[in-house]
$ cat upload-v3.pdb   # PDB, C-alpha atoms and all ligand atoms
ATOM      1  CA  MET A   1      41.513 -68.622  28.625  1.00  0.00           C
ATOM      2  CA  GLY A   2      38.512 -70.551  27.348  1.00  0.00           C
ATOM      3  CA  ASN A   3      36.439 -67.537  26.347  1.00  0.00           C
ATOM      4  CA  GLU A   4      38.925 -66.029  23.907  1.00  0.00           C
ATOM      5  CA  ILE A   5      37.984 -66.054  20.233  1.00  0.00           C
ATOM      6  CA  ARG A   6      40.646 -68.100  18.405  1.00  0.00           C
ATOM      7  CA  VAL A   7      41.431 -66.342  15.117  1.00  0.00           C
ATOM      8  CA  THR A   8      43.666 -67.661  12.329  1.00  0.00           C
ATOM      9  CA  VAL A   9      44.795 -64.929   9.911  1.00  0.00           C
ATOM     10  CA  TRP A  10      45.636 -66.569   6.574  1.00  0.00           C
ATOM     11  CA  ASN A  11      47.568 -64.747   3.861  1.00  0.00           C
ATOM     12  CA  GLU A  12      48.843 -65.824   0.486  1.00  0.00           C
ATOM     13  CA  PHE A  13      52.017 -63.796   1.377  1.00  0.00           C
ATOM     14  CA  ARG A  14      53.450 -63.463  -2.131  1.00  0.00           C
ATOM     15  CA  HIS A  15      53.174 -59.747  -3.038  1.00  0.00           C
ATOM     16  CA  GLU A  16      55.177 -58.846   0.090  1.00  0.00           C
ATOM     17  CA  LYS A  17      58.049 -61.098  -1.080  1.00  0.00           C
ATOM     18  CA  ILE A  18      58.330 -59.793  -4.653  1.00  0.00           C
ATOM     19  CA  ASN A  19      57.084 -56.191  -4.579  1.00  0.00           C
ATOM     20  CA  GLU A  20      59.204 -53.695  -2.646  1.00  0.00           C
ATOM     21  CA  LYS A  21      56.360 -51.210  -2.292  1.00  0.00           C
ATOM     22  CA  VAL A  22      54.138 -53.826  -0.666  1.00  0.00           C
ATOM     23  CA  ALA A  23      57.011 -55.059   1.543  1.00  0.00           C
ATOM     24  CA  ASP A  24      57.617 -51.465   2.736  1.00  0.00           C
ATOM     25  CA  ILE A  25      53.941 -51.062   3.696  1.00  0.00           C
ATOM     26  CA  TYR A  26      53.631 -54.536   5.274  1.00  0.00           C
ATOM     27  CA  PRO A  27      57.112 -55.581   6.503  1.00  0.00           C
ATOM     28  CA  GLU A  28      55.589 -58.426   8.538  1.00  0.00           C
ATOM     29  CA  GLY A  29      53.115 -59.323   5.793  1.00  0.00           C
ATOM     30  CA  ILE A  30      49.446 -58.376   5.575  1.00  0.00           C
ATOM     31  CA  HIS A  31      48.724 -61.281   7.969  1.00  0.00           C
ATOM     32  CA  GLY A  32      51.221 -59.854  10.468  1.00  0.00           C
ATOM     33  CA  ALA A  33      49.563 -56.412  10.384  1.00  0.00           C
ATOM     34  CA  ILE A  34      46.053 -57.851  10.851  1.00  0.00           C
ATOM     35  CA  ALA A  35      47.120 -60.280  13.600  1.00  0.00           C
ATOM     36  CA  LYS A  36      48.826 -57.427  15.468  1.00  0.00           C
ATOM     37  CA  PHE A  37      45.759 -55.206  15.916  1.00  0.00           C
ATOM     38  CA  LEU A  38      43.510 -58.185  16.698  1.00  0.00           C
ATOM     39  CA  GLN A  39      45.957 -59.557  19.270  1.00  0.00           C
ATOM     40  CA  ALA A  40      45.712 -56.221  21.132  1.00  0.00           C
ATOM     41  CA  GLN A  41      42.066 -57.082  21.966  1.00  0.00           C
ATOM     42  CA  PRO A  42      41.630 -58.834  25.323  1.00  0.00           C
ATOM     43  CA  ASP A  43      39.045 -61.285  23.985  1.00  0.00           C
ATOM     44  CA  ILE A  44      40.910 -62.327  20.813  1.00  0.00           C
ATOM     45  CA  ASN A  45      43.803 -64.757  20.403  1.00  0.00           C
ATOM     46  CA  THR A  46      45.463 -64.879  16.993  1.00  0.00           C
ATOM     47  CA  ARG A  47      47.752 -67.103  14.993  1.00  0.00           C
ATOM     48  CA  THR A  48      48.817 -66.752  11.358  1.00  0.00           C
ATOM     49  CA  ALA A  49      49.104 -69.165   8.438  1.00  0.00           C
ATOM     50  CA  THR A  50      50.424 -68.691   4.889  1.00  0.00           C
ATOM     51  CA  LEU A  51      50.182 -70.432   1.520  1.00  0.00           C
ATOM     52  CA  ASP A  52      53.747 -71.754   1.343  1.00  0.00           C
ATOM     53  CA  GLU A  53      53.661 -73.519   4.720  1.00  0.00           C
ATOM     54  CA  PRO A  54      52.893 -77.277   4.671  1.00  0.00           C
ATOM     55  CA  GLU A  55      49.109 -77.692   4.194  1.00  0.00           C
ATOM     56  CA  HIS A  56      49.080 -73.871   3.794  1.00  0.00           C
ATOM     57  CA  GLY A  57      49.467 -73.688   7.571  1.00  0.00           C
ATOM     58  CA  LEU A  58      45.926 -75.050   7.894  1.00  0.00           C
ATOM     59  CA  THR A  59      46.375 -78.501   9.401  1.00  0.00           C
ATOM     60  CA  ASP A  60      43.384 -80.333  10.873  1.00  0.00           C
ATOM     61  CA  ASN A  61      44.600 -79.287  14.300  1.00  0.00           C
ATOM     62  CA  VAL A  62      44.739 -75.584  13.330  1.00  0.00           C
ATOM     63  CA  LEU A  63      41.328 -75.647  11.617  1.00  0.00           C
ATOM     64  CA  ASN A  64      39.691 -77.540  14.480  1.00  0.00           C
ATOM     65  CA  ASN A  65      41.026 -74.926  16.901  1.00  0.00           C
ATOM     66  CA  THR A  66      39.986 -71.896  14.835  1.00  0.00           C
ATOM     67  CA  ASP A  67      36.780 -70.017  15.687  1.00  0.00           C
ATOM     68  CA  VAL A  68      37.196 -67.410  12.936  1.00  0.00           C
ATOM     69  CA  LEU A  69      39.385 -67.676   9.831  1.00  0.00           C
ATOM     70  CA  ILE A  70      40.465 -64.457   8.052  1.00  0.00           C
ATOM     71  CA  TRP A  71      41.483 -64.824   4.382  1.00  0.00           C
ATOM     72  CA  TRP A  72      43.618 -62.570   2.169  1.00  0.00           C
ATOM     73  CA  GLY A  73      44.639 -63.874  -1.271  1.00  0.00           C
ATOM     74  CA  HIS A  74      45.075 -62.438  -4.748  1.00  0.00           C
ATOM     75  CA  LYS A  75      47.541 -63.804  -7.289  1.00  0.00           C
ATOM     76  CA  ALA A  76      47.744 -67.449  -6.199  1.00  0.00           C
ATOM     77  CA  HIS A  77      44.134 -68.518  -5.618  1.00  0.00           C
ATOM     78  CA  LYS A  78      44.708 -71.496  -7.954  1.00  0.00           C
ATOM     79  CA  GLU A  79      47.596 -72.769  -5.793  1.00  0.00           C
ATOM     80  CA  VAL A  80      45.316 -73.345  -2.810  1.00  0.00           C
ATOM     81  CA  SER A  81      44.661 -77.093  -2.585  1.00  0.00           C
ATOM     82  CA  ASP A  82      41.103 -78.283  -3.219  1.00  0.00           C
ATOM     83  CA  GLU A  83      41.460 -80.674  -0.266  1.00  0.00           C
ATOM     84  CA  ILE A  84      42.149 -77.796   2.145  1.00  0.00           C
ATOM     85  CA  VAL A  85      39.286 -75.756   0.631  1.00  0.00           C
ATOM     86  CA  GLU A  86      36.947 -78.703   1.262  1.00  0.00           C
ATOM     87  CA  LYS A  87      38.100 -78.890   4.900  1.00  0.00           C
ATOM     88  CA  ILE A  88      37.532 -75.145   5.399  1.00  0.00           C
ATOM     89  CA  TYR A  89      34.085 -75.441   3.796  1.00  0.00           C
ATOM     90  CA  LYS A  90      33.099 -78.262   6.179  1.00  0.00           C
ATOM     91  CA  ARG A  91      34.376 -76.279   9.184  1.00  0.00           C
ATOM     92  CA  VAL A  92      32.257 -73.272   8.121  1.00  0.00           C
ATOM     93  CA  LEU A  93      29.136 -75.440   7.822  1.00  0.00           C
ATOM     94  CA  ASP A  94      29.987 -76.769  11.281  1.00  0.00           C
ATOM     95  CA  GLY A  95      30.139 -73.246  12.781  1.00  0.00           C
ATOM     96  CA  MET A  96      33.560 -71.684  12.091  1.00  0.00           C
ATOM     97  CA  GLY A  97      33.276 -68.048  11.007  1.00  0.00           C
ATOM     98  CA  ILE A  98      35.153 -66.811   7.931  1.00  0.00           C
ATOM     99  CA  ILE A  99      36.047 -63.234   6.929  1.00  0.00           C
ATOM    100  CA  LEU A 100      37.146 -62.719   3.327  1.00  0.00           C
ATOM    101  CA  LEU A 101      39.060 -59.564   2.530  1.00  0.00           C
ATOM    102  CA  HIS A 102      39.360 -57.594  -0.709  1.00  0.00           C
ATOM    103  CA  SER A 103      40.689 -59.789  -3.571  1.00  0.00           C
ATOM    104  CA  ALA A 104      39.553 -62.902  -1.679  1.00  0.00           C
ATOM    105  CA  HIS A 105      36.347 -62.370  -3.695  1.00  0.00           C
ATOM    106  CA  PHE A 106      37.993 -64.694  -6.252  1.00  0.00           C
ATOM    107  CA  SER A 107      39.293 -67.275  -3.737  1.00  0.00           C
ATOM    108  CA  LYS A 108      38.189 -70.886  -4.162  1.00  0.00           C
ATOM    109  CA  ILE A 109      36.565 -70.922  -0.727  1.00  0.00           C
ATOM    110  CA  PHE A 110      34.488 -67.743  -1.320  1.00  0.00           C
ATOM    111  CA  LYS A 111      33.292 -68.968  -4.723  1.00  0.00           C
ATOM    112  CA  LYS A 112      32.366 -72.346  -3.188  1.00  0.00           C
ATOM    113  CA  LEU A 113      30.459 -70.675  -0.352  1.00  0.00           C
ATOM    114  CA  MET A 114      28.645 -68.319  -2.765  1.00  0.00           C
ATOM    115  CA  GLY A 115      28.030 -70.629  -5.736  1.00  0.00           C
ATOM    116  CA  THR A 116      28.385 -67.747  -8.213  1.00  0.00           C
ATOM    117  CA  SER A 117      31.267 -66.327 -10.288  1.00  0.00           C
ATOM    118  CA  CYS A 118      32.010 -63.562  -7.711  1.00  0.00           C
ATOM    119  CA  ASP A 119      33.303 -61.420 -10.597  1.00  0.00           C
ATOM    120  CA  LEU A 120      33.316 -57.611 -10.487  1.00  0.00           C
ATOM    121  CA  LYS A 121      34.626 -54.421 -12.154  1.00  0.00           C
ATOM    122  CA  TRP A 122      37.991 -52.988 -11.069  1.00  0.00           C
ATOM    123  CA  ARG A 123      40.377 -50.091 -11.719  1.00  0.00           C
ATOM    124  CA  GLU A 124      43.704 -49.121 -10.150  1.00  0.00           C
ATOM    125  CA  ALA A 125      43.735 -45.326 -10.036  1.00  0.00           C
ATOM    126  CA  GLY A 126      44.360 -44.677  -6.335  1.00  0.00           C
ATOM    127  CA  GLU A 127      40.979 -42.964  -6.084  1.00  0.00           C
ATOM    128  CA  LYS A 128      38.883 -42.193  -2.996  1.00  0.00           C
ATOM    129  CA  GLU A 129      36.334 -44.647  -1.566  1.00  0.00           C
ATOM    130  CA  ARG A 130      33.541 -43.803   0.847  1.00  0.00           C
ATOM    131  CA  LEU A 131      31.924 -46.799   2.578  1.00  0.00           C
ATOM    132  CA  TRP A 132      28.441 -45.910   3.847  1.00  0.00           C
ATOM    133  CA  VAL A 133      27.049 -47.811   6.828  1.00  0.00           C
ATOM    134  CA  VAL A 134      23.631 -48.941   5.565  1.00  0.00           C
ATOM    135  CA  ASN A 135      22.811 -51.165   8.565  1.00  0.00           C
ATOM    136  CA  PRO A 136      23.653 -49.084  11.668  1.00  0.00           C
ATOM    137  CA  GLY A 137      22.094 -51.627  14.053  1.00  0.00           C
ATOM    138  CA  HIS A 138      24.452 -54.388  12.926  1.00  0.00           C
ATOM    139  CA  LEU A 139      27.187 -55.573  15.302  1.00  0.00           C
ATOM    140  CA  ILE A 140      29.814 -55.026  12.584  1.00  0.00           C
ATOM    141  CA  ALA A 141      28.941 -51.280  12.508  1.00  0.00           C
ATOM    142  CA  GLU A 142      29.464 -50.829  16.261  1.00  0.00           C
ATOM    143  CA  GLY A 143      31.459 -47.684  17.070  1.00  0.00           C
ATOM    144  CA  LEU A 144      31.599 -46.361  13.498  1.00  0.00           C
ATOM    145  CA  GLY A 145      30.439 -43.043  12.075  1.00  0.00           C
ATOM    146  CA  GLU A 146      28.001 -42.709   9.173  1.00  0.00           C
ATOM    147  CA  TYR A 147      30.738 -43.599   6.719  1.00  0.00           C
ATOM    148  CA  ILE A 148      34.414 -44.546   6.397  1.00  0.00           C
ATOM    149  CA  GLU A 149      36.661 -42.762   3.915  1.00  0.00           C
ATOM    150  CA  ILE A 150      39.671 -44.454   2.354  1.00  0.00           C
ATOM    151  CA  PRO A 151      41.749 -41.753   0.642  1.00  0.00           C
ATOM    152  CA  HIS A 152      43.467 -43.914  -1.986  1.00  0.00           C
ATOM    153  CA  THR A 153      42.362 -47.336  -3.102  1.00  0.00           C
ATOM    154  CA  GLU A 154      41.650 -49.684  -5.963  1.00  0.00           C
ATOM    155  CA  MET A 155      38.050 -49.453  -7.247  1.00  0.00           C
ATOM    156  CA  TYR A 156      35.702 -52.458  -7.228  1.00  0.00           C
ATOM    157  CA  GLY A 157      32.361 -51.810  -8.934  1.00  0.00           C
ATOM    158  CA  GLU A 158      28.977 -53.423  -9.507  1.00  0.00           C
ATOM    159  CA  ARG A 159      27.868 -55.683 -10.849  1.00  0.00           C
ATOM    160  CA  PHE A 160      29.407 -57.869  -8.129  1.00  0.00           C
ATOM    161  CA  ASP A 161      28.165 -61.374  -8.999  1.00  0.00           C
ATOM    162  CA  ILE A 162      27.245 -62.668  -5.545  1.00  0.00           C
ATOM    163  CA  PRO A 163      23.994 -64.042  -4.114  1.00  0.00           C
ATOM    164  CA  GLN A 164      21.797 -61.511  -2.320  1.00  0.00           C
ATOM    165  CA  PRO A 165      23.517 -61.009   1.085  1.00  0.00           C
ATOM    166  CA  ASP A 166      21.567 -62.050   4.210  1.00  0.00           C
ATOM    167  CA  ASP A 167      22.696 -58.712   5.666  1.00  0.00           C
ATOM    168  CA  LEU A 168      24.383 -55.823   3.892  1.00  0.00           C
ATOM    169  CA  VAL A 169      26.414 -53.553   6.189  1.00  0.00           C
ATOM    170  CA  PHE A 170      28.319 -51.273   3.779  1.00  0.00           C
ATOM    171  CA  ILE A 171      27.856 -49.808   0.320  1.00  0.00           C
ATOM    172  CA  SER A 172      30.882 -48.108  -1.235  1.00  0.00           C
ATOM    173  CA  TRP A 173      30.954 -45.042  -3.436  1.00  0.00           C
ATOM    174  CA  PHE A 174      34.037 -44.376  -5.575  1.00  0.00           C
ATOM    175  CA  GLU A 175      35.381 -41.117  -6.924  1.00  0.00           C
ATOM    176  CA  GLY A 176      35.048 -42.459 -10.474  1.00  0.00           C
ATOM    177  CA  GLY A 177      31.280 -42.967 -10.049  1.00  0.00           C
ATOM    178  CA  GLU A 178      30.852 -46.683  -9.300  1.00  0.00           C
ATOM    179  CA  VAL A 179      29.151 -48.246  -6.282  1.00  0.00           C
ATOM    180  CA  PHE A 180      29.811 -51.621  -4.622  1.00  0.00           C
ATOM    181  CA  ARG A 181      28.305 -53.837  -1.910  1.00  0.00           C
ATOM    182  CA  SER A 182      31.425 -53.832   0.244  1.00  0.00           C
ATOM    183  CA  GLY A 183      30.294 -55.461   3.511  1.00  0.00           C
ATOM    184  CA  CYS A 184      28.218 -58.601   2.925  1.00  0.00           C
ATOM    185  CA  CYS A 185      27.032 -61.123   5.558  1.00  0.00           C
ATOM    186  CA  TYR A 186      25.880 -64.676   4.902  1.00  0.00           C
ATOM    187  CA  ASN A 187      24.862 -67.696   6.952  1.00  0.00           C
ATOM    188  CA  ARG A 188      26.098 -71.039   5.681  1.00  0.00           C
ATOM    189  CA  GLY A 189      25.137 -74.052   7.807  1.00  0.00           C
ATOM    190  CA  ARG A 190      25.985 -73.085  11.384  1.00  0.00           C
ATOM    191  CA  GLY A 191      28.752 -70.745  10.197  1.00  0.00           C
ATOM    192  CA  LYS A 192      28.866 -67.044   9.339  1.00  0.00           C
ATOM    193  CA  VAL A 193      30.582 -65.480   6.347  1.00  0.00           C
ATOM    194  CA  PHE A 194      31.588 -61.814   6.004  1.00  0.00           C
ATOM    195  CA  TYR A 195      33.041 -60.305   2.842  1.00  0.00           C
ATOM    196  CA  PHE A 196      34.779 -56.937   3.388  1.00  0.00           C
ATOM    197  CA  ARG A 197      36.127 -55.082   0.374  1.00  0.00           C
ATOM    198  CA  PRO A 198      38.994 -52.771   1.542  1.00  0.00           C
ATOM    199  CA  GLY A 199      42.604 -53.906   1.471  1.00  0.00           C
ATOM    200  CA  HIS A 200      44.496 -53.478  -1.796  1.00  0.00           C
ATOM    201  CA  GLU A 201      48.126 -54.437  -1.066  1.00  0.00           C
ATOM    202  CA  THR A 202      49.800 -51.237  -2.360  1.00  0.00           C
ATOM    203  CA  PHE A 203      47.908 -48.969   0.081  1.00  0.00           C
ATOM    204  CA  PRO A 204      48.281 -48.972   3.912  1.00  0.00           C
ATOM    205  CA  ILE A 205      44.574 -49.702   4.396  1.00  0.00           C
ATOM    206  CA  TYR A 206      44.874 -52.256   7.217  1.00  0.00           C
ATOM    207  CA  TYR A 207      46.515 -49.585   9.414  1.00  0.00           C
ATOM    208  CA  GLN A 208      43.412 -47.370   9.213  1.00  0.00           C
ATOM    209  CA  PRO A 209      41.624 -47.432  12.607  1.00  0.00           C
ATOM    210  CA  GLU A 210      38.081 -47.652  11.170  1.00  0.00           C
ATOM    211  CA  VAL A 211      39.077 -50.585   8.947  1.00  0.00           C
ATOM    212  CA  GLN A 212      40.645 -52.302  11.959  1.00  0.00           C
ATOM    213  CA  LYS A 213      37.434 -51.638  13.912  1.00  0.00           C
ATOM    214  CA  VAL A 214      35.307 -53.305  11.226  1.00  0.00           C
ATOM    215  CA  ILE A 215      37.512 -56.415  11.108  1.00  0.00           C
ATOM    216  CA  THR A 216      37.563 -56.618  14.925  1.00  0.00           C
ATOM    217  CA  ASN A 217      33.772 -56.270  15.080  1.00  0.00           C
ATOM    218  CA  ALA A 218      33.426 -58.875  12.319  1.00  0.00           C
ATOM    219  CA  VAL A 219      35.488 -61.381  14.343  1.00  0.00           C
ATOM    220  CA  ARG A 220      33.066 -60.970  17.270  1.00  0.00           C
ATOM    221  CA  TRP A 221      30.062 -61.273  14.943  1.00  0.00           C
ATOM    222  CA  ALA A 222      31.404 -64.343  13.102  1.00  0.00           C
ATOM    223  CA  LYS A 223      32.475 -66.419  16.105  1.00  0.00           C
ATOM    224  CA  PRO A 224      30.568 -69.712  16.474  1.00  0.00           C
ATOM    225  CA  ALA A 225      27.172 -69.137  18.062  1.00  0.00           C
ATOM    226  CA  GLY A 226      27.169 -72.575  19.714  1.00  0.00           C
ATOM    227  CA  GLY A 227      23.742 -73.584  18.458  1.00  0.00           C
ATOM    228  CA  PRO A 228      22.641 -77.204  18.019  1.00  0.00           C
ATOM    229  CA  ALA A 229      24.264 -79.401  15.382  1.00  0.00           C
ATOM    230  CA  PRO A 230      21.580 -80.312  12.838  1.00  0.00           C
ATOM    231  CA  LYS A 231      20.589 -83.973  12.522  1.00  0.00           C
ATOM    232  CA  PHE A 232      19.694 -85.070   9.018  1.00  0.00           C
ATOM    233  CA  GLY A 233      18.098 -88.205   7.638  1.00  0.00           C
ATOM    234  CA  LYS A 234      15.500 -90.737   8.867  1.00  0.00           C
ATOM    235  CA  ALA A 235      14.061 -89.725  12.247  1.00  0.00           C
ATOM    236  CA  ALA A 236      12.079 -91.581  14.932  1.00  0.00           C
ATOM    237  CA  PRO A 237       8.987 -89.652  16.155  1.00  0.00           C
ATOM    238  CA  ILE A 238       9.392 -87.659  19.373  1.00  0.00           C
ATOM    239  CA  GLU A 239       5.682 -88.069  20.286  1.00  0.00           C
ATOM    240  CA  ASN A 240       3.759 -91.363  20.239  1.00  0.00           C
ATOM    241  CA  ILE A 241       2.141 -91.638  16.856  1.00  0.00           C
ATOM    242  CA  THR A 242       0.094 -94.355  15.180  1.00  0.00           C
ATOM    243  CA  VAL A 243       1.708 -95.447  11.996  1.00  0.00           C
ATOM    244  CA  TYR A 244      -0.899 -95.315   9.231  1.00  0.00           C
ATOM    245  CA  GLU A 245      -0.915 -98.642   7.449  1.00  0.00           C
ATOM    246  CA  GLY A 246      -3.381 -97.662   4.723  1.00  0.00           C
TER     247      GLY A 246
HETATM  248 ZN    ZN B 301      43.523 -55.243  -5.084  1.00  0.00          ZN
END
$ encode --input "upload-v3.pdb" --output "structure tokens"
Amino acid sequence: MGNEIRVTVWNEFRHEKINEKVADIYPEGIHGAIAKFLQAQPDINTRTATLDEPEHGLTDNVLNNTDVLIWWGHKAHKEVSDEIVEKIYKRVLDGMGIILLHSAHFSKIFKKLMGTSCDLKWREAGEKERLWVVNPGHLIAEGLGEYIEIPHTEMYGERFDIPQPDDLVFISWFEGGEVFRSGCCYNRGRGKVFYFRPGHETFPIYYQPEVQKVITNAVRWAKPAGGPAPKFGKAAPIENITVYEG
């Protein structure tokens, strides 16, 4: 099926192994839960990869056959090999889409793509979050209402040290008073980058239909557009020109 979007869902997969509460919420891992709802879409084909597999499950063959990479990481960002990060970075510049979820704001690949610290405020109080759609014409907002409510979550607050997004789709409000740019789109080379905030591991957020809808929409938005590969360097003229000899 040549038209299917090939998605690789990558997860650090550590919290689920050591924290019973997280394992109860995500018995097949966060990657398993995300792959399951994406696989139910007729136009999406998923595979999963995790940190402790050889090459983190991201061999050249897997990366070269991935249209959109989804990334969830938190406590082991430093264990991700710089060599693999470099390969992912090159694939993004070459057109592969990447979706970074929640605590992936501090992943090596997000920081490399952004060029800033990507730091933020946080608080674990299980408070309410309301994500407002601020760009209702955007493909990622397709089928949503004016806002999404997450009843219990970790707070992330501004200042979020990222470059100005090329498109901002969501702004979050939190019960404790903070706000956050929680759905940020970027173009990097021929590739698209989407950062989406929800997804703290101790809450069942990836089972929420609106959150699943956003991630599904983001896969369709981030898939390679198939535009021309840029040619850099010295170039022969396309038209006949007279070289000025001075
Ligand atoms: Zn978290």
$ resolve_selection --input "upload-v3.pdb" --expression "the PyMOL selection byres (((chain A and resi 115) around 12) and not hetatm)" --output "ChimeraX atom specification"
/A:105-114,116-119,161-164,188
$ resolve_selection --input "upload-v3.pdb" --expression "the PyMOL selection byres (((not hetatm)) within 10 of (chain B and resi 301))" --output "ChimeraX atom specification"
/A:73-75,101-104,122-124,153-156,197-203
$ write_last_selection --input "upload-v3.pdb" --atoms "C-alpha atoms" --output "short mmCIF file (atom, residue, chain, number, x, y, z; two decimals), in the frame of the given file"
data_model
loop_
_atom_site.label_atom_id
_atom_site.label_comp_id
_atom_site.auth_asym_id
_atom_site.auth_seq_id
_atom_site.Cartn_x
_atom_site.Cartn_y
_atom_site.Cartn_z
CA GLY A 73 44.64 -63.87 -1.27
CA HIS A 74 45.08 -62.44 -4.75
CA LYS A 75 47.54 -63.80 -7.29
CA LEU A 101 39.06 -59.56 2.53
CA HIS A 102 39.36 -57.59 -0.71
CA SER A 103 40.69 -59.79 -3.57
CA ALA A 104 39.55 -62.90 -1.68
CA TRP A 122 37.99 -52.99 -11.07
CA ARG A 123 40.38 -50.09 -11.72
CA GLU A 124 43.70 -49.12 -10.15
CA THR A 153 42.36 -47.34 -3.10
CA GLU A 154 41.65 -49.68 -5.96
CA MET A 155 38.05 -49.45 -7.25
CA TYR A 156 35.70 -52.46 -7.23
CA ARG A 197 36.13 -55.08 0.37
CA PRO A 198 38.99 -52.77 1.54
CA GLY A 199 42.60 -53.91 1.47
CA HIS A 200 44.50 -53.48 -1.80
CA GLU A 201 48.13 -54.44 -1.07
CA THR A 202 49.80 -51.24 -2.36
CA PHE A 203 47.91 -48.97 0.08
#
$ resolve_selection --input "upload-v3.pdb" --expression "the PyMOL selection byres (((chain A and resi 175-180) around 7) and not hetatm)" --output "list in words"
Glu127, Lys128, Glu129, Tyr156, Gly157, Glu158, Ile171, Ser172, Trp173, Phe174, Arg181 and Ser182 of chain A
$ write_last_selection --input "upload-v3.pdb" --atoms "C-alpha atoms" --output "CSV table (one decimal), in the frame of the given file"
chain,number,residue,atom,x,y,z
A,127,GLU,CA,41.0,-43.0,-6.1
A,128,LYS,CA,38.9,-42.2,-3.0
A,129,GLU,CA,36.3,-44.6,-1.6
A,156,TYR,CA,35.7,-52.5,-7.2
A,157,GLY,CA,32.4,-51.8,-8.9
A,158,GLU,CA,29.0,-53.4,-9.5
A,171,ILE,CA,27.9,-49.8,0.3
A,172,SER,CA,30.9,-48.1,-1.2
A,173,TRP,CA,31.0,-45.0,-3.4
A,174,PHE,CA,34.0,-44.4,-5.6
A,181,ARG,CA,28.3,-53.8,-1.9
A,182,SER,CA,31.4,-53.8,0.2
$ closest_atom_pairs --input "upload-v3.pdb" --of "range 57-170 of chain A" --to "range 27-47 of chain A" --cutoff "9 Å" --atoms "only C-alpha atoms" --output "JSON lines"
{"residue": "A:Ile70", "atom": "CA", "partner": "A:His31", "partner_atom": "CA", "distance": 8.8}
{"residue": "A:Trp71", "atom": "CA", "partner": "A:His31", "partner_atom": "CA", "distance": 8.8}
{"residue": "A:Trp72", "atom": "CA", "partner": "A:His31", "partner_atom": "CA", "distance": 7.8}
$ atom_distance --input "upload-v3.pdb" --atom1 "CA of Ile99 in chain A" --atom2 "CA of Gly126 in chain A"
24.3 Å
$ closest_residue --input "upload-v3.pdb" --among "A:Lys21, A:Trp10, A:Cys185, A:Ala222" --to "Gly57 in chain A" --atoms "all atoms listed in the file"
A:Trp10
$ residues_around --input "upload-v3.pdb" --residues "Ala141 in chain A" --least-positions-apart "4" --cutoff "12 Å" --atoms "only C-alpha atoms" --output "PyMOL selection string"
chain A and resi 131-137+145-148+167-170+183+210-218+220-221
